[in-house]
Amino acid sequence: MTDPEFMDRAETLLKTIEVRCDRINEETDADLDTQRVGGMVTITFTNRSQIVINLQKPLHEIWMAAKTGGYHYRWLAGQWQDTKGQGEFFAALSRDASLQAGQDLNFSS
């Protein structure tokens, strides 16, 4: 993947996260606070825990830090897949956000 291809896909991912957080706030009482600074999105939950998603441009990876740990994702077969075979990005974000919010949150399409 070229640098511009990575940036296009990564930017789409970050925008999708922001849109889905807005949708969750409209449809639930989760009250997610989303802050974007450059290539990083921070989701803060009412209990003050956070999930941080950021771009690792030189590696062409997306990194996610949550209470359960840190995860790295690469674009494979049309999806952001965990580099250690732990699954797709939005499934992991849904799982970790649900744990941190204390309620079911769905980030998948």
# chains A, B, ... in the order shown; residues from 1 in each chain; ligands from 1
call {"tool": "residues_around", "arguments": {"residues": "Ala97 of chain A", "least_positions_apart": "2", "cutoff": "9 Å", "atoms": "only C-alpha atoms", "output": "PDB file with N, CA and C atoms, in the first residue's frame"}}
result
ATOM      1  N   ILE A  43     -11.814   8.698  22.587  1.00  0.00           N
ATOM      2  CA  ILE A  43     -13.200   8.531  23.038  1.00  0.00           C
ATOM      3  C   ILE A  43     -13.155   8.451  24.552  1.00  0.00           C
ATOM      4  N   PHE A  45     -15.366   8.080  28.070  1.00  0.00           N
ATOM      5  CA  PHE A  45     -16.632   7.567  28.585  1.00  0.00           C
ATOM      6  C   PHE A  45     -16.994   8.291  29.879  1.00  0.00           C
ATOM      7  N   GLN A  50     -10.848   5.902  28.730  1.00  0.00           N
ATOM      8  CA  GLN A  50     -10.696   6.337  27.348  1.00  0.00           C
ATOM      9  C   GLN A  50     -10.287   5.190  26.436  1.00  0.00           C
ATOM     10  N   ILE A  51     -10.619   5.362  25.171  1.00  0.00           N
ATOM     11  CA  ILE A  51     -10.054   4.560  24.090  1.00  0.00           C
ATOM     12  C   ILE A  51      -9.398   5.554  23.150  1.00  0.00           C
ATOM     13  N   ALA A  66      -6.983   0.579  24.707  1.00  0.00           N
ATOM     14  CA  ALA A  66      -8.199   0.489  25.515  1.00  0.00           C
ATOM     15  C   ALA A  66      -7.818  -0.133  26.857  1.00  0.00           C
ATOM     16  N   ALA A  92     -13.590  -5.141  17.459  1.00  0.00           N
ATOM     17  CA  ALA A  92     -12.822  -4.913  18.687  1.00  0.00           C
ATOM     18  C   ALA A  92     -13.219  -3.606  19.355  1.00  0.00           C
ATOM     19  N   LEU A  93     -13.426  -2.553  18.566  1.00  0.00           N
ATOM     20  CA  LEU A  93     -13.849  -1.274  19.137  1.00  0.00           C
ATOM     21  C   LEU A  93     -15.212  -1.410  19.801  1.00  0.00           C
ATOM     22  N   SER A  94     -16.128  -2.131  19.168  1.00  0.00           N
ATOM     23  CA  SER A  94     -17.456  -2.370  19.769  1.00  0.00           C
ATOM     24  C   SER A  94     -17.318  -3.102  21.097  1.00  0.00           C
ATOM     25  N   ARG A  95     -16.493  -4.132  21.120  1.00  0.00           N
ATOM     26  CA  ARG A  95     -16.284  -4.922  22.338  1.00  0.00           C
ATOM     27  C   ARG A  95     -15.715  -4.059  23.458  1.00  0.00           C
ATOM     28  N   LEU A  99     -17.488  -2.609  26.980  1.00  0.00           N
ATOM     29  CA  LEU A  99     -16.927  -2.886  28.315  1.00  0.00           C
ATOM     30  C   LEU A  99     -16.726  -1.595  29.100  1.00  0.00           C
ATOM     31  N   GLN A 100     -16.165  -0.591  28.452  1.00  0.00           N
ATOM     32  CA  GLN A 100     -15.852   0.650  29.150  1.00  0.00           C
ATOM     33  C   GLN A 100     -17.089   1.498  29.432  1.00  0.00           C
ATOM     34  N   ALA A 101     -18.098   1.381  28.591  1.00  0.00           N
ATOM     35  CA  ALA A 101     -19.340   2.151  28.810  1.00  0.00           C
ATOM     36  C   ALA A 101     -20.295   1.446  29.740  1.00  0.00           C
ATOM     37  N   GLY A 102     -20.111   0.138  29.918  1.00  0.00           N
ATOM     38  CA  GLY A 102     -21.034  -0.619  30.751  1.00  0.00           C
ATOM     39  C   GLY A 102     -22.379  -0.875  30.087  1.00  0.00           C
ATOM     40  N   GLN A 103     -22.402  -0.775  28.761  1.00  0.00           N
ATOM     41  CA  GLN A 103     -23.604  -1.064  27.989  1.00  0.00           C
ATOM     42  C   GLN A 103     -23.199  -1.451  26.574  1.00  0.00           C
ATOM     43  N   ASP A 104     -24.106  -2.099  25.871  1.00  0.00           N
ATOM     44  CA  ASP A 104     -23.840  -2.567  24.523  1.00  0.00           C
ATOM     45  C   ASP A 104     -23.719  -1.398  23.565  1.00  0.00           C
ATOM     46  N   LEU A 105     -22.564  -1.246  22.928  1.00  0.00           N
ATOM     47  CA  LEU A 105     -22.348  -0.216  21.914  1.00  0.00           C
ATOM     48  C   LEU A 105     -21.878  -0.900  20.639  1.00  0.00           C
ATOM     49  N   ASN A 106     -22.441  -0.491  19.514  1.00  0.00           N
ATOM     50  CA  ASN A 106     -22.128  -1.131  18.248  1.00  0.00           C
ATOM     51  C   ASN A 106     -21.527  -0.127  17.287  1.00  0.00           C
ATOM     52  N   PHE A 107     -20.273  -0.348  16.930  1.00  0.00           N
ATOM     53  CA  PHE A 107     -19.572   0.515  15.985  1.00  0.00           C
ATOM     54  C   PHE A 107     -19.565  -0.059  14.586  1.00  0.00           C
TER      55      PHE A 107
END
call {"tool": "select_by_dssp", "arguments": {"residues": "chain A", "states": "strand (DSSP E or B)", "output": "CSV table (one decimal) with C-alpha atoms, in the first residue's frame"}}
result
chain,number,residue,atom,x,y,z
A,33,ASP,CA,-17.0,12.5,24.3
A,34,THR,CA,-15.0,12.3,21.1
A,35,GLN,CA,-12.0,14.5,20.5
A,36,ARG,CA,-9.9,14.5,17.3
A,37,VAL,CA,-6.5,15.9,17.1
A,40,MET,CA,-5.8,10.7,16.7
A,41,VAL,CA,-9.3,10.2,18.0
A,42,THR,CA,-9.9,9.9,21.8
A,43,ILE,CA,-13.2,8.5,23.0
A,44,THR,CA,-13.9,9.4,26.7
A,50,GLN,CA,-10.7,6.3,27.3
A,51,ILE,CA,-10.1,4.6,24.1
A,52,VAL,CA,-7.4,6.2,21.9
A,53,ILE,CA,-7.1,5.4,18.2
A,54,ASN,CA,-4.1,6.8,16.3
A,55,LEU,CA,-2.3,6.5,13.0
A,56,GLN,CA,1.1,5.0,12.7
A,61,GLU,CA,-1.0,0.8,10.9
A,62,ILE,CA,-3.9,1.9,13.1
A,63,TRP,CA,-3.2,1.6,16.8
A,64,MET,CA,-5.9,1.3,19.4
A,65,ALA,CA,-5.4,1.6,23.2
A,66,ALA,CA,-8.2,0.5,25.5
A,69,GLY,CA,-4.7,-3.5,26.0
A,70,GLY,CA,-3.1,-2.1,22.9
A,71,TYR,CA,-3.8,-3.4,19.4
A,72,HIS,CA,-2.3,-2.8,16.0
A,73,TYR,CA,-4.3,-3.1,12.7
A,74,ARG,CA,-3.3,-3.3,9.1
A,75,TRP,CA,-5.4,-3.1,6.0
A,76,LEU,CA,-5.9,-6.7,4.8
A,79,GLN,CA,-10.6,-4.5,6.3
A,80,TRP,CA,-8.5,-3.3,9.2
A,81,GLN,CA,-7.3,-6.6,10.7
A,82,ASP,CA,-5.4,-7.1,14.0
A,88,GLU,CA,-11.4,-6.8,12.7
call {"tool": "closest_residue", "arguments": {"among": "A:Asp8, A:Asp3, A:Asp96, A:Asp22", "to": "His60 of chain A", "atoms": "only C-alpha atoms"}}
result
A:Asp3
call {"tool": "closest_residue", "arguments": {"among": "A:Thr2, A:Ser108, A:Arg48, A:Lys84", "to": "Val19 of chain A", "atoms": "only C-alpha atoms"}}
result
A:Ser108
call {"tool": "select_by_dssp", "arguments": {"residues": "chain A", "states": "alpha helix (DSSP H)", "output": "short mmCIF file (atom, residue, chain, number, x, y, z; two decimals) with N, CA and C atoms, in the first residue's frame"}}
result
data_model
loop_
_atom_site.label_atom_id
_atom_site.label_comp_id
_atom_site.auth_asym_id
_atom_site.auth_seq_id
_atom_site.Cartn_x
_atom_site.Cartn_y
_atom_site.Cartn_z
N ASP A 3 1.71 5.36 0.62
CA ASP A 3 1.38 6.31 1.69
C ASP A 3 0.03 7.00 1.44
N PRO A 4 -0.23 7.50 0.22
CA PRO A 4 -1.54 8.14 0.00
C PRO A 4 -2.72 7.17 0.17
N GLU A 5 -2.56 5.91 -0.24
CA GLU A 5 -3.63 4.93 -0.04
C GLU A 5 -3.88 4.70 1.44
N PHE A 6 -2.81 4.58 2.22
CA PHE A 6 -2.96 4.41 3.66
C PHE A 6 -3.70 5.60 4.25
N MET A 7 -3.28 6.80 3.90
CA MET A 7 -3.90 8.00 4.48
C MET A 7 -5.38 8.09 4.10
N ASP A 8 -5.73 7.73 2.89
CA ASP A 8 -7.15 7.75 2.48
C ASP A 8 -7.96 6.77 3.32
N ARG A 9 -7.46 5.55 3.46
CA ARG A 9 -8.19 4.53 4.23
C ARG A 9 -8.23 4.89 5.71
N ALA A 10 -7.11 5.39 6.23
CA ALA A 10 -7.04 5.75 7.64
C ALA A 10 -7.96 6.93 7.95
N GLU A 11 -8.00 7.91 7.07
CA GLU A 11 -8.87 9.07 7.27
C GLU A 11 -10.34 8.63 7.26
N THR A 12 -10.67 7.72 6.37
CA THR A 12 -12.03 7.18 6.32
C THR A 12 -12.38 6.50 7.64
N LEU A 13 -11.44 5.73 8.18
CA LEU A 13 -11.66 5.04 9.46
C LEU A 13 -11.91 6.05 10.58
N LEU A 14 -11.08 7.08 10.68
CA LEU A 14 -11.24 8.06 11.76
C LEU A 14 -12.56 8.82 11.64
N LYS A 15 -12.93 9.20 10.42
CA LYS A 15 -14.22 9.89 10.22
C LYS A 15 -15.38 8.97 10.57
N THR A 16 -15.27 7.69 10.22
CA THR A 16 -16.32 6.73 10.54
C THR A 16 -16.49 6.60 12.05
N ILE A 17 -15.39 6.57 12.79
CA ILE A 17 -15.45 6.50 14.25
C ILE A 17 -16.21 7.71 14.80
N GLU A 18 -15.87 8.89 14.31
CA GLU A 18 -16.53 10.11 14.78
C GLU A 18 -18.03 10.07 14.50
N VAL A 19 -18.40 9.67 13.30
CA VAL A 19 -19.82 9.60 12.92
C VAL A 19 -20.55 8.57 13.77
N ARG A 20 -19.93 7.44 14.00
CA ARG A 20 -20.59 6.39 14.79
C ARG A 20 -20.71 6.80 16.26
N CYS A 21 -19.74 7.54 16.78
CA CYS A 21 -19.87 8.06 18.15
C CYS A 21 -21.05 9.01 18.24
N ASP A 22 -21.19 9.88 17.25
CA ASP A 22 -22.34 10.80 17.23
C ASP A 22 -23.65 10.02 17.19
N ARG A 23 -23.70 8.97 16.35
CA ARG A 23 -24.91 8.15 16.25
C ARG A 23 -25.23 7.46 17.57
N ILE A 24 -24.21 6.93 18.22
CA ILE A 24 -24.40 6.27 19.52
C ILE A 24 -24.93 7.28 20.54
N ASN A 25 -24.41 8.50 20.53
CA ASN A 25 -24.89 9.53 21.46
C ASN A 25 -26.35 9.88 21.20
N GLU A 26 -26.76 9.86 19.95
CA GLU A 26 -28.16 10.16 19.61
C GLU A 26 -29.11 9.03 19.98
N GLU A 27 -28.63 7.78 19.87
CA GLU A 27 -29.50 6.62 20.04
C GLU A 27 -29.44 5.98 21.43
N PHE A 89 -11.15 -4.47 13.20
CA PHE A 89 -11.09 -3.28 14.04
C PHE A 89 -12.43 -2.91 14.68
N PHE A 90 -13.50 -2.78 13.88
CA PHE A 90 -14.77 -2.30 14.43
C PHE A 90 -15.39 -3.30 15.40
N ALA A 91 -15.14 -4.57 15.22
CA ALA A 91 -15.62 -5.57 16.18
C ALA A 91 -14.90 -5.38 17.52
N ALA A 92 -13.59 -5.14 17.46
CA ALA A 92 -12.82 -4.91 18.69
C ALA A 92 -13.22 -3.61 19.35
N LEU A 93 -13.43 -2.55 18.57
CA LEU A 93 -13.85 -1.27 19.14
C LEU A 93 -15.21 -1.41 19.80
N SER A 94 -16.13 -2.13 19.17
CA SER A 94 -17.46 -2.37 19.77
C SER A 94 -17.32 -3.10 21.10
N ARG A 95 -16.49 -4.13 21.12
CA ARG A 95 -16.28 -4.92 22.34
C ARG A 95 -15.71 -4.06 23.46
N ASP A 96 -14.63 -3.34 23.16
CA ASP A 96 -13.97 -2.56 24.20
C ASP A 96 -14.80 -1.36 24.64
N ALA A 97 -15.46 -0.70 23.70
CA ALA A 97 -16.31 0.43 24.07
C ALA A 97 -17.48 -0.04 24.93
N SER A 98 -18.04 -1.19 24.62
CA SER A 98 -19.13 -1.74 25.43
C SER A 98 -18.66 -2.03 26.85
N LEU A 99 -17.49 -2.61 26.98
CA LEU A 99 -16.93 -2.89 28.32
C LEU A 99 -16.73 -1.60 29.10
N GLN A 100 -16.16 -0.59 28.45
CA GLN A 100 -15.85 0.65 29.15
C GLN A 100 -17.09 1.50 29.43
N ALA A 101 -18.10 1.38 28.59
CA ALA A 101 -19.34 2.15 28.81
C ALA A 101 -20.30 1.45 29.74
#
